[in-house]
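Shown here: run25.pdb, PDB, C-alpha atoms.
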ATOM      1  CA  MET A   1      -0.127 -23.618  -3.084  1.00  0.00           C
ATOM      2  CA  THR A   2       3.439 -24.913  -3.411  1.00  0.00           C
ATOM      3  CA  SER A   3       4.028 -28.084  -1.390  1.00  0.00           C
ATOM      4  CA  LEU A   4       7.064 -28.780   0.770  1.00  0.00           C
ATOM      5  CA  HIS A   5       8.011 -31.566  -1.650  1.00  0.00           C
ATOM      6  CA  ASP A   6       8.099 -29.077  -4.518  1.00  0.00           C
ATOM      7  CA  LEU A   7      10.138 -26.603  -2.478  1.00  0.00           C
ATOM      8  CA  THR A   8      12.748 -29.175  -1.520  1.00  0.00           C
ATOM      9  CA  ALA A   9      12.955 -30.437  -5.101  1.00  0.00           C
ATOM     10  CA  ARG A  10      13.679 -26.906  -6.305  1.00  0.00           C
ATOM     11  CA  THR A  11      16.233 -26.096  -3.606  1.00  0.00           C
ATOM     12  CA  ALA A  12      19.663 -27.527  -4.313  1.00  0.00           C
ATOM     13  CA  GLY A  13      22.168 -28.602  -1.679  1.00  0.00           C
ATOM     14  CA  LEU A  14      19.813 -29.303   1.219  1.00  0.00           C
ATOM     15  CA  PRO A  15      21.812 -31.394   3.742  1.00  0.00           C
ATOM     16  CA  CYS A  16      18.734 -33.365   4.772  1.00  0.00           C
ATOM     17  CA  ARG A  17      18.370 -34.627   1.197  1.00  0.00           C
ATOM     18  CA  LEU A  18      22.059 -35.308   0.638  1.00  0.00           C
ATOM     19  CA  ASP A  19      22.550 -37.338   3.832  1.00  0.00           C
ATOM     20  CA  PRO A  20      19.253 -37.776   5.733  1.00  0.00           C
ATOM     21  CA  ASP A  21      20.474 -40.334   8.286  1.00  0.00           C
ATOM     22  CA  ALA A  22      21.335 -37.728  10.940  1.00  0.00           C
ATOM     23  CA  TRP A  23      17.754 -36.351  10.786  1.00  0.00           C
ATOM     24  CA  TYR A  24      16.412 -39.721  11.905  1.00  0.00           C
ATOM     25  CA  SER A  25      19.266 -40.784  14.153  1.00  0.00           C
ATOM     26  CA  ASP A  26      18.899 -41.993  17.744  1.00  0.00           C
ATOM     27  CA  ASN A  27      22.294 -40.484  18.492  1.00  0.00           C
ATOM     28  CA  SER A  28      21.834 -37.161  20.311  1.00  0.00           C
ATOM     29  CA  ARG A  29      24.977 -35.604  18.799  1.00  0.00           C
ATOM     30  CA  GLU A  30      23.886 -36.390  15.262  1.00  0.00           C
ATOM     31  CA  ARG A  31      20.393 -35.131  16.031  1.00  0.00           C
ATOM     32  CA  ASP A  32      21.761 -31.873  17.466  1.00  0.00           C
ATOM     33  CA  ALA A  33      23.895 -31.409  14.346  1.00  0.00           C
ATOM     34  CA  ALA A  34      20.779 -31.855  12.203  1.00  0.00           C
ATOM     35  CA  VAL A  35      18.937 -29.240  14.283  1.00  0.00           C
ATOM     36  CA  ARG A  36      21.759 -26.726  13.763  1.00  0.00           C
ATOM     37  CA  LEU A  37      21.781 -27.310  10.007  1.00  0.00           C
ATOM     38  CA  CYS A  38      18.004 -26.916   9.813  1.00  0.00           C
ATOM     39  CA  ARG A  39      18.204 -23.510  11.457  1.00  0.00           C
ATOM     40  CA  THR A  40      20.314 -22.188   8.583  1.00  0.00           C
ATOM     41  CA  CYS A  41      17.958 -23.589   5.942  1.00  0.00           C
ATOM     42  CA  PRO A  42      15.752 -21.255   3.845  1.00  0.00           C
ATOM     43  CA  LEU A  43      12.922 -23.797   4.084  1.00  0.00           C
ATOM     44  CA  GLN A  44      12.943 -24.071   7.877  1.00  0.00           C
ATOM     45  CA  GLN A  45       9.538 -22.492   8.508  1.00  0.00           C
ATOM     46  CA  ALA A  46       7.798 -24.352   5.678  1.00  0.00           C
ATOM     47  CA  CYS A  47       9.321 -27.612   6.887  1.00  0.00           C
ATOM     48  CA  ALA A  48       8.275 -27.041  10.508  1.00  0.00           C
ATOM     49  CA  GLU A  49       4.756 -26.017   9.489  1.00  0.00           C
ATOM     50  CA  TYR A  50       4.385 -29.201   7.470  1.00  0.00           C
ATOM     51  CA  ALA A  51       5.654 -31.443  10.278  1.00  0.00           C
ATOM     52  CA  VAL A  52       3.341 -29.863  12.875  1.00  0.00           C
ATOM     53  CA  ALA A  53       0.298 -29.911  10.586  1.00  0.00           C
ATOM     54  CA  GLU A  54       0.898 -33.536   9.591  1.00  0.00           C
ATOM     55  CA  ARG A  55       1.897 -34.588  13.112  1.00  0.00           C
ATOM     56  CA  GLU A  56       5.077 -36.102  11.773  1.00  0.00           C
ATOM     57  CA  PRO A  57       6.108 -38.543  14.552  1.00  0.00           C
ATOM     58  CA  TYR A  58       9.730 -39.119  13.533  1.00  0.00           C
ATOM     59  CA  GLY A  59      12.827 -37.143  12.719  1.00  0.00           C
ATOM     60  CA  VAL A  60      14.033 -33.560  12.858  1.00  0.00           C
ATOM     61  CA  TRP A  61      11.918 -31.184  10.767  1.00  0.00           C
ATOM     62  CA  GLY A  62      12.450 -27.452  10.596  1.00  0.00           C
ATOM     63  CA  GLY A  63      15.041 -27.600  13.344  1.00  0.00           C
ATOM     64  CA  ASN A  64      12.708 -29.253  15.860  1.00  0.00           C
ATOM     65  CA  THR A  65      12.572 -32.815  17.135  1.00  0.00           C
ATOM     66  CA  ALA A  66       9.495 -35.023  17.293  1.00  0.00           C
ATOM     67  CA  ALA A  67       9.289 -34.513  21.075  1.00  0.00           C
ATOM     68  CA  GLU A  68       9.292 -30.728  20.648  1.00  0.00           C
ATOM     69  CA  ARG A  69       6.601 -30.850  17.963  1.00  0.00           C
ATOM     70  CA  ARG A  70       4.171 -32.924  20.026  1.00  0.00           C
ATOM     71  CA  ALA A  71       3.428 -29.933  22.265  1.00  0.00           C
ATOM     72  CA  PHE A  72       1.833 -28.224  19.250  1.00  0.00           C
ATOM     73  CA  TRP A  73      -0.320 -31.097  18.017  1.00  0.00           C
ATOM     74  CA  THR A  74      -3.192 -29.638  20.059  1.00  0.00           C
ATOM     75  CA  GLY A  75      -3.479 -26.799  17.555  1.00  0.00           C
ATOM     76  CA  ALA A  76      -2.077 -24.201  19.968  1.00  0.00           C
ATOM     77  CA  PRO A  77      -0.755 -21.171  18.059  1.00  0.00           C
ATOM     78  CA  TRP A  78       3.008 -21.094  17.758  1.00  0.00           C
ATOM     79  CA  ARG A  79       5.911 -19.045  16.483  1.00  0.00           C
ATOM     80  CA  PHE A  80       9.645 -19.336  15.883  1.00  0.00           C
ATOM     81  CA  ASP A  81      11.874 -17.630  18.410  1.00  0.00           C
ATOM     82  CA  ALA A  82      15.126 -15.868  17.520  1.00  0.00           C
ATOM     83  CA  VAL A  83      17.060 -19.136  17.218  1.00  0.00           C
ATOM     84  CA  GLY A  84      14.408 -21.043  15.284  1.00  0.00           C
ATOM     85  CA  ARG A  85      12.715 -23.013  18.082  1.00  0.00           C
ATOM     86  CA  LEU A  86       8.989 -23.705  18.034  1.00  0.00           C
ATOM     87  CA  ARG A  87       7.372 -21.656  20.809  1.00  0.00           C
ATOM     88  CA  LEU A  88       3.871 -21.022  22.052  1.00  0.00           C
ATOM     89  CA  LEU A  89       2.528 -17.543  21.423  1.00  0.00           C
ATOM     90  CA  CYS A  90       2.772 -15.408  24.550  1.00  0.00           C
ATOM     91  CA  GLY A  91      -0.372 -14.596  26.491  1.00  0.00           C
ATOM     92  CA  SER A  92      -1.229 -17.887  28.201  1.00  0.00           C
ATOM     93  CA  GLU A  93      -0.352 -19.792  31.374  1.00  0.00           C
ATOM     94  CA  ARG A  94       1.478 -22.455  29.345  1.00  0.00           C
ATOM     95  CA  ALA A  95       3.570 -19.812  27.618  1.00  0.00           C
ATOM     96  CA  TYR A  96       4.255 -18.161  30.998  1.00  0.00           C
ATOM     97  CA  ARG A  97       5.695 -21.396  32.384  1.00  0.00           C
ATOM     98  CA  ALA A  98       7.613 -22.103  29.170  1.00  0.00           C
ATOM     99  CA  HIS A  99       9.640 -18.912  29.638  1.00  0.00           C
ATOM    100  CA  PHE A 100      11.323 -20.413  32.703  1.00  0.00           C
ATOM    101  CA  GLY A 101      12.324 -23.508  30.738  1.00  0.00           C
ATOM    102  CA  TYR A 102      14.160 -21.222  28.331  1.00  0.00           C
ATOM    103  CA  ARG A 103      15.689 -19.184  31.195  1.00  0.00           C
ATOM    104  CA  GLU A 104      13.641 -16.147  30.262  1.00  0.00           C
ATOM    105  CA  GLN A 105      11.659 -13.680  32.344  1.00  0.00           C
ATOM    106  CA  PRO A 106       7.918 -13.487  31.619  1.00  0.00           C
ATOM    107  CA  GLY A 107       6.853  -9.958  30.808  1.00  0.00           C
ATOM    108  CA  VAL A 108      10.374  -8.919  29.881  1.00  0.00           C
ATOM    109  CA  ASP A 109      10.913 -11.527  27.168  1.00  0.00           C
ATOM    110  CA  CYS A 110       7.317 -11.678  25.892  1.00  0.00           C
ATOM    111  CA  VAL A 111       7.127 -10.744  22.223  1.00  0.00           C
ATOM    112  CA  ASP A 112       3.521 -11.185  21.107  1.00  0.00           C
ATOM    113  CA  GLY A 113       1.354 -11.191  24.241  1.00  0.00           C
ATOM    114  CA  ASP A 114       1.319 -10.602  27.979  1.00  0.00           C
ATOM    115  CA  CYS A 115       2.152 -13.818  29.830  1.00  0.00           C
ATOM    116  CA  VAL A 116       2.233 -12.096  33.237  1.00  0.00           C
ATOM    117  CA  ALA A 117      -1.355 -10.859  32.885  1.00  0.00           C
ATOM    118  CA  ALA A 118      -2.460 -14.337  31.802  1.00  0.00           C
ATOM    119  CA  HIS A 119      -0.717 -15.875  34.805  1.00  0.00           C
ATOM    120  CA  GLU A 120      -2.308 -13.392  37.213  1.00  0.00           C
ATOM    121  CA  VAL A 121      -5.759 -14.342  35.913  1.00  0.00           C
ATOM    122  CA  VAL A 122      -5.028 -18.015  36.629  1.00  0.00           C
ATOM    123  CA  VAL A 123      -3.666 -17.235  40.106  1.00  0.00           C
ATOM    124  CA  GLU A 124      -6.772 -15.203  41.003  1.00  0.00           C
ATOM    125  CA  GLU A 125      -9.054 -17.982  39.756  1.00  0.00           C
ATOM    126  CA  GLN A 126      -7.200 -20.508  41.912  1.00  0.00           C
ATOM    127  CA  ARG A 127      -7.360 -18.262  44.980  1.00  0.00           C
ATOM    128  CA  ARG A 128     -11.078 -17.627  44.535  1.00  0.00           C
ATOM    129  CA  LYS A 129     -11.720 -21.352  44.166  1.00  0.00           C
ATOM    130  CA  ARG A 130      -9.799 -22.002  47.380  1.00  0.00           C
ATOM    131  CA  LEU A 131     -11.635 -19.161  49.141  1.00  0.00           C
ATOM    132  CA  ALA A 132     -14.986 -20.671  48.140  1.00  0.00           C
ATOM    133  CA  GLU A 133     -13.850 -23.957  49.703  1.00  0.00           C
ATOM    134  CA  GLU A 134     -12.904 -22.159  52.942  1.00  0.00           C
ATOM    135  CA  HIS A 135     -16.279 -20.376  53.007  1.00  0.00           C
ATOM    136  CA  ALA A 136     -18.031 -23.738  52.560  1.00  0.00           C
ATOM    137  CA  LYS A 137     -16.358 -24.793  55.822  1.00  0.00           C
ATOM    138  CA  GLY A 138     -17.746 -21.731  57.569  1.00  0.00           C
ATOM    139  CA  GLY A 139     -14.688 -19.522  57.138  1.00  0.00           C
ATOM    140  CA  SER A 140     -11.103 -20.002  58.239  1.00  0.00           C
ATOM    141  CA  SER A 141      -7.831 -18.275  58.992  1.00  0.00           C
ATOM    142  CA  ALA A 142      -6.618 -19.398  55.550  1.00  0.00           C
ATOM    143  CA  GLY A 143      -9.666 -17.712  54.043  1.00  0.00           C
ATOM    144  CA  TYR A 144      -8.812 -14.528  55.946  1.00  0.00           C
ATOM    145  CA  PHE A 145      -5.405 -14.368  54.264  1.00  0.00           C
ATOM    146  CA  LEU A 146      -6.855 -15.287  50.863  1.00  0.00           C
ATOM    147  CA  HIS A 147      -9.088 -12.226  51.127  1.00  0.00           C
ATOM    148  CA  ARG A 148      -6.005 -10.147  51.877  1.00  0.00           C
ATOM    149  CA  ARG A 149      -4.075 -11.564  48.904  1.00  0.00           C
ATOM    150  CA  LEU A 150      -7.026 -10.805  46.656  1.00  0.00           C
ATOM    151  CA  GLY A 151      -6.935  -7.203  47.849  1.00  0.00           C
ATOM    152  CA  GLU A 152     -10.475  -7.225  49.225  1.00  0.00           C
ATOM    153  CA  PRO A 153     -12.104  -6.773  52.666  1.00  0.00           C
ATOM    154  CA  THR A 154     -12.195  -9.899  54.794  1.00  0.00           C
ATOM    155  CA  CYS A 155     -15.609 -11.430  55.478  1.00  0.00           C
ATOM    156  CA  GLU A 156     -17.068 -11.817  58.983  1.00  0.00           C
ATOM    157  CA  MET A 157     -16.828 -15.634  58.857  1.00  0.00           C
ATOM    158  CA  CYS A 158     -13.088 -15.593  58.151  1.00  0.00           C
ATOM    159  CA  ARG A 159     -12.447 -12.804  60.675  1.00  0.00           C
ATOM    160  CA  ALA A 160     -14.239 -14.810  63.358  1.00  0.00           C
ATOM    161  CA  ALA A 161     -12.253 -17.939  62.514  1.00  0.00           C
ATOM    162  CA  ARG A 162      -9.057 -15.913  62.594  1.00  0.00           C
ATOM    163  CA  ARG A 163      -9.896 -14.560  66.087  1.00  0.00           C
ATOM    164  CA  VAL A 164     -10.584 -18.065  67.384  1.00  0.00           C
ATOM    165  CA  GLN A 165      -7.367 -19.465  65.993  1.00  0.00           C
ATOM    166  CA  SER A 166      -5.206 -16.486  67.000  1.00  0.00           C
ATOM    167  CA  PRO A 167      -6.888 -14.606  69.871  1.00  0.00           C
ATOM    168  CA  HIS A 168      -4.070 -12.037  70.040  1.00  0.00           C
ATOM    169  CA  ALA A 169      -3.789 -11.506  66.251  1.00  0.00           C
ATOM    170  CA  GLY A 170      -5.116  -7.958  66.540  1.00  0.00           C
ATOM    171  CA  ALA A 171      -3.115  -6.974  69.586  1.00  0.00           C
ATOM    172  CA  VAL A 172      -0.508  -4.269  69.220  1.00  0.00           C
ATOM    173  CA  ARG A 173       2.962  -5.650  69.828  1.00  0.00           C
ATOM    174  CA  GLY A 174       4.188  -4.538  73.227  1.00  0.00           C
ATOM    175  CA  ARG A 175       0.699  -3.668  74.567  1.00  0.00           C
ATOM    176  CA  GLY A 176       0.498  -4.334  78.327  1.00  0.00           C
ATOM    177  CA  ARG A 177       4.269  -4.297  78.814  1.00  0.00           C
ATOM    178  CA  PRO A 178       5.157  -2.863  82.244  1.00  0.00           C
ATOM    179  CA  ARG A 179       6.717   0.540  81.969  1.00  0.00           C
ATOM    180  CA  SER A 180       9.078   2.279  84.327  1.00  0.00           C
ATOM    181  CA  GLY A 181       7.680   5.184  86.303  1.00  0.00           C
ATOM    182  CA  LEU A 182      10.591   7.298  85.089  1.00  0.00           C
ATOM    183  CA  GLY A 183       9.936   6.846  81.392  1.00  0.00           C
ATOM    184  CA  SER A 184      12.147   4.490  79.376  1.00  0.00           C
ATOM    185  CA  PRO A 185      12.132   0.754  80.141  1.00  0.00           C
ATOM    186  CA  GLY A 186      14.972  -0.360  82.320  1.00  0.00           C
ATOM    187  CA  ALA A 187      15.680   3.098  83.791  1.00  0.00           C
ATOM    188  CA  ALA A 188      17.419   2.924  87.164  1.00  0.00           C
ATOM    189  CA  VAL A 189      15.156   3.728  90.100  1.00  0.00           C
ATOM    190  CA  THR A 190      16.845   5.222  93.149  1.00  0.00           C
ATOM    191  CA  LEU A 191      15.710   3.417  96.277  1.00  0.00           C
ATOM    192  CA  ARG A 192      14.874   5.400  99.357  1.00  0.00           C
ATOM    193  CA  GLY A 193      17.891   5.557 101.581  1.00  0.00           C
ATOM    194  CA  ALA A 194      20.211   4.207  98.883  1.00  0.00           C
ATOM    195  CA  GLN A 195      23.800   5.358  98.532  1.00  0.00           C
ATOM    196  CA  THR A 196      25.385   6.114  95.186  1.00  0.00           C
ATOM    197  CA  GLY A 197      28.244   3.773  94.224  1.00  0.00           C
ATOM    198  CA  THR A 198      31.407   4.615  92.318  1.00  0.00           C
ATOM    199  CA  HIS A 199      29.719   4.109  88.924  1.00  0.00           C
ATOM    200  CA  GLY A 200      26.567   6.031  89.745  1.00  0.00           C
ATOM    201  CA  LEU A 201      24.498   2.874  90.418  1.00  0.00           C
ATOM    202  CA  ALA A 202      21.997   2.829  93.242  1.00  0.00           C
ATOM    203  CA  VAL A 203      23.179   0.710  96.154  1.00  0.00           C
ATOM    204  CA  ALA A 204      20.710  -0.284  98.845  1.00  0.00           C
ATOM    205  CA  SER A 205      21.666   0.875 102.326  1.00  0.00           C
TER     206      SER A 205
END

Written as structure tokens, that's how I'd like the structure from this file.
Amino acid sequence: MTSLHDLTARTAGLPCRLDPDAWYSDNSRERDAAVRLCRTCPLQQACAEYAVAEREPYGVWGGNTAAERRAFWTGAPWRFDAVGRLRLLCGSERAYRAHFGYREQPGVDCVDGDCVAAHEVVVEEQRRKRLAEEHAKGGSSAGYFLHRRLGEPTCEMCRAARRVQSPHAGAVRGRGRPRSGLGSPGAAVTLRGAQTGTHGLAVAS
């Protein structure tokens, strides 16, 4: 297998070999310039793979800084995106959250997995854990709504707790409202012996 050292020795004109200072600079502008140059290099992927595998703690390698590479030292699978950045493979909660950092939309911008499905699994696990905690208390109004969010029938414990907390939760809005004997609310009722005024309103005699 050809090593990165051999590849760089065979490739003429690599900026990082001609003037390597920018690749190890503390100046953000110089470091950004090094990143841009790396992303036009034919050895970018080989360089990044080496730096991640060796946990290279300093410098820009393969267009990625030391801080960016640390996220992949855990052995998590990764890829290059369209502009040459190291990215987690789609299909996990971490990758789902990473989309927002890149101003992307999970599900729409996924390329090699389903981040939305992975996120939904995590959300359901969290809700079921919380529901188990509410059941351990004997049920609660919060548990009632967790059942609803999970798309399942509510249990008797949570329904009972919901009724205690909100006795009128099941009442139909408007039930018990007085209604006019003539139909619609607020209808004018003509009083016995009343005279009609100039605008048709009932006036008591």

Shell around Leu86 of chain A at 10 Å using only C-alpha atoms, local window under 4 positions removed, as JSON, numbers by chain: {"A": [45, 48, 49, 52, 62, 63, 64, 65, 68, 69, 71, 72, 78, 79, 80, 81, 82]}

Restricting the calculation to only C-alpha atoms, which member of A:Cys155, A:Val60, A:Ala95, A:Ala12 is positioned closest to Leu131 of chain A?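 Comparing A:Cys155, A:Val60, A:Ala95, A:Ala12 against Leu131 of chain A, the winner is A:Cys155.
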
To test your reading of the syntax: which residues would the PyMOL selection byres ((chain A and resi 98-109) around 12) return for the file shown? Reply as a PDB file with C-alpha atoms, keeping the file's coordinate frame.
ATOM      1  CA  ALA A  71       3.428 -29.933  22.265  1.00  0.00           C
ATOM      2  CA  ASP A  81      11.874 -17.630  18.410  1.00  0.00           C
ATOM      3  CA  ALA A  82      15.126 -15.868  17.520  1.00  0.00           C
ATOM      4  CA  VAL A  83      17.060 -19.136  17.218  1.00  0.00           C
ATOM      5  CA  ARG A  85      12.715 -23.013  18.082  1.00  0.00           C
ATOM      6  CA  LEU A  86       8.989 -23.705  18.034  1.00  0.00           C
ATOM      7  CA  ARG A  87       7.372 -21.656  20.809  1.00  0.00           C
ATOM      8  CA  LEU A  88       3.871 -21.022  22.052  1.00  0.00           C
ATOM      9  CA  LEU A  89       2.528 -17.543  21.423  1.00  0.00           C
ATOM     10  CA  CYS A  90       2.772 -15.408  24.550  1.00  0.00           C
ATOM     11  CA  GLY A  91      -0.372 -14.596  26.491  1.00  0.00           C
ATOM     12  CA  SER A  92      -1.229 -17.887  28.201  1.00  0.00           C
ATOM     13  CA  GLU A  93      -0.352 -19.792  31.374  1.00  0.00           C
ATOM     14  CA  ARG A  94       1.478 -22.455  29.345  1.00  0.00           C
ATOM     15  CA  ALA A  95       3.570 -19.812  27.618  1.00  0.00           C
ATOM     16  CA  TYR A  96       4.255 -18.161  30.998  1.00  0.00           C
ATOM     17  CA  ARG A  97       5.695 -21.396  32.384  1.00  0.00           C
ATOM     18  CA  CYS A 110       7.317 -11.678  25.892  1.00  0.00           C
ATOM     19  CA  VAL A 111       7.127 -10.744  22.223  1.00  0.00           C
ATOM     20  CA  ASP A 112       3.521 -11.185  21.107  1.00  0.00           C
ATOM     21  CA  GLY A 113       1.354 -11.191  24.241  1.00  0.00           C
ATOM     22  CA  ASP A 114       1.319 -10.602  27.979  1.00  0.00           C
ATOM     23  CA  CYS A 115       2.152 -13.818  29.830  1.00  0.00           C
ATOM     24  CA  VAL A 116       2.233 -12.096  33.237  1.00  0.00           C
ATOM     25  CA  ALA A 117      -1.355 -10.859  32.885  1.00  0.00           C
ATOM     26  CA  ALA A 118      -2.460 -14.337  31.802  1.00  0.00           C
ATOM     27  CA  HIS A 119      -0.717 -15.875  34.805  1.00  0.00           C
ATOM     28  CA  GLU A 120      -2.308 -13.392  37.213  1.00  0.00           C
TER      29      GLU A 120
END

As JSON, numbers by chain, please: the residues near segment 141-150 of chain A (cut-off 6 Å, all atoms listed in the file, same-chain neighbours under 4 positions excluded). {"A": [131, 134, 154, 158, 161, 162]}

Residues within 12 Å of (17.6, -40.7, 12.8), counting all atoms listed in the file, listed as a PyMOL selection string: chain A and resi 16+19-35+57-61+65-66

Mind writing the picked residues with C-alpha atoms as a PDB file, in the coordinates of the input?
ATOM      1  CA  CYS A  16      18.734 -33.365   4.772  1.00  0.00           C
ATOM      2  CA  ASP A  19      22.550 -37.338   3.832  1.00  0.00           C
ATOM      3  CA  PRO A  20      19.253 -37.776   5.733  1.00  0.00           C
ATOM      4  CA  ASP A  21      20.474 -40.334   8.286  1.00  0.00           C
ATOM      5  CA  ALA A  22      21.335 -37.728  10.940  1.00  0.00           C
ATOM      6  CA  TRP A  23      17.754 -36.351  10.786  1.00  0.00           C
ATOM      7  CA  TYR A  24      16.412 -39.721  11.905  1.00  0.00           C
ATOM      8  CA  SER A  25      19.266 -40.784  14.153  1.00  0.00           C
ATOM      9  CA  ASP A  26      18.899 -41.993  17.744  1.00  0.00           C
ATOM     10  CA  ASN A  27      22.294 -40.484  18.492  1.00  0.00           C
ATOM     11  CA  SER A  28      21.834 -37.161  20.311  1.00  0.00           C
ATOM     12  CA  ARG A  29      24.977 -35.604  18.799  1.00  0.00           C
ATOM     13  CA  GLU A  30      23.886 -36.390  15.262  1.00  0.00           C
ATOM     14  CA  ARG A  31      20.393 -35.131  16.031  1.00  0.00           C
ATOM     15  CA  ASP A  32      21.761 -31.873  17.466  1.00  0.00           C
ATOM     16  CA  ALA A  33      23.895 -31.409  14.346  1.00  0.00           C
ATOM     17  CA  ALA A  34      20.779 -31.855  12.203  1.00  0.00           C
ATOM     18  CA  VAL A  35      18.937 -29.240  14.283  1.00  0.00           C
ATOM     19  CA  PRO A  57       6.108 -38.543  14.552  1.00  0.00           C
ATOM     20  CA  TYR A  58       9.730 -39.119  13.533  1.00  0.00           C
ATOM     21  CA  GLY A  59      12.827 -37.143  12.719  1.00  0.00           C
ATOM     22  CA  VAL A  60      14.033 -33.560  12.858  1.00  0.00           C
ATOM     23  CA  TRP A  61      11.918 -31.184  10.767  1.00  0.00           C
ATOM     24  CA  THR A  65      12.572 -32.815  17.135  1.00  0.00           C
ATOM     25  CA  ALA A  66       9.495 -35.023  17.293  1.00  0.00           C
TER      26      ALA A  66
END

For atom CA of Glu54 of chain A and atom CA of Gly75 of chain A, the interatomic separation in Å (one decimal): 11.3 Å

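Going from atom CA of Gly84 of chain A over to atom CA of Arg39 of chain A, you cover 5.9 Å.
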
May I ask for the distance between atom CA of Thr8 of chain A and atom CA of Thr40 of chain A, given in Å to one decimal place?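 Atom CA of Thr40 of chain A lies at a distance of 14.4 Å from atom CA of Thr8 of chain A.
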
Any idea what's packed within 9 Å of Pro15 of chain A, counting all atoms listed in the file, ignoring anything in its chain fewer than 6 positions away? Could you give it as number ranges by chain? A: 34, 37-38, 41

Quick one: of A:Arg127, A:Ser140, A:Cys47, A:Pro77, who's nearest to Ser3 of chain A, counting only C-alpha atoms?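 Of all the options, A:Cys47 lies closest to Ser3 of chain A.
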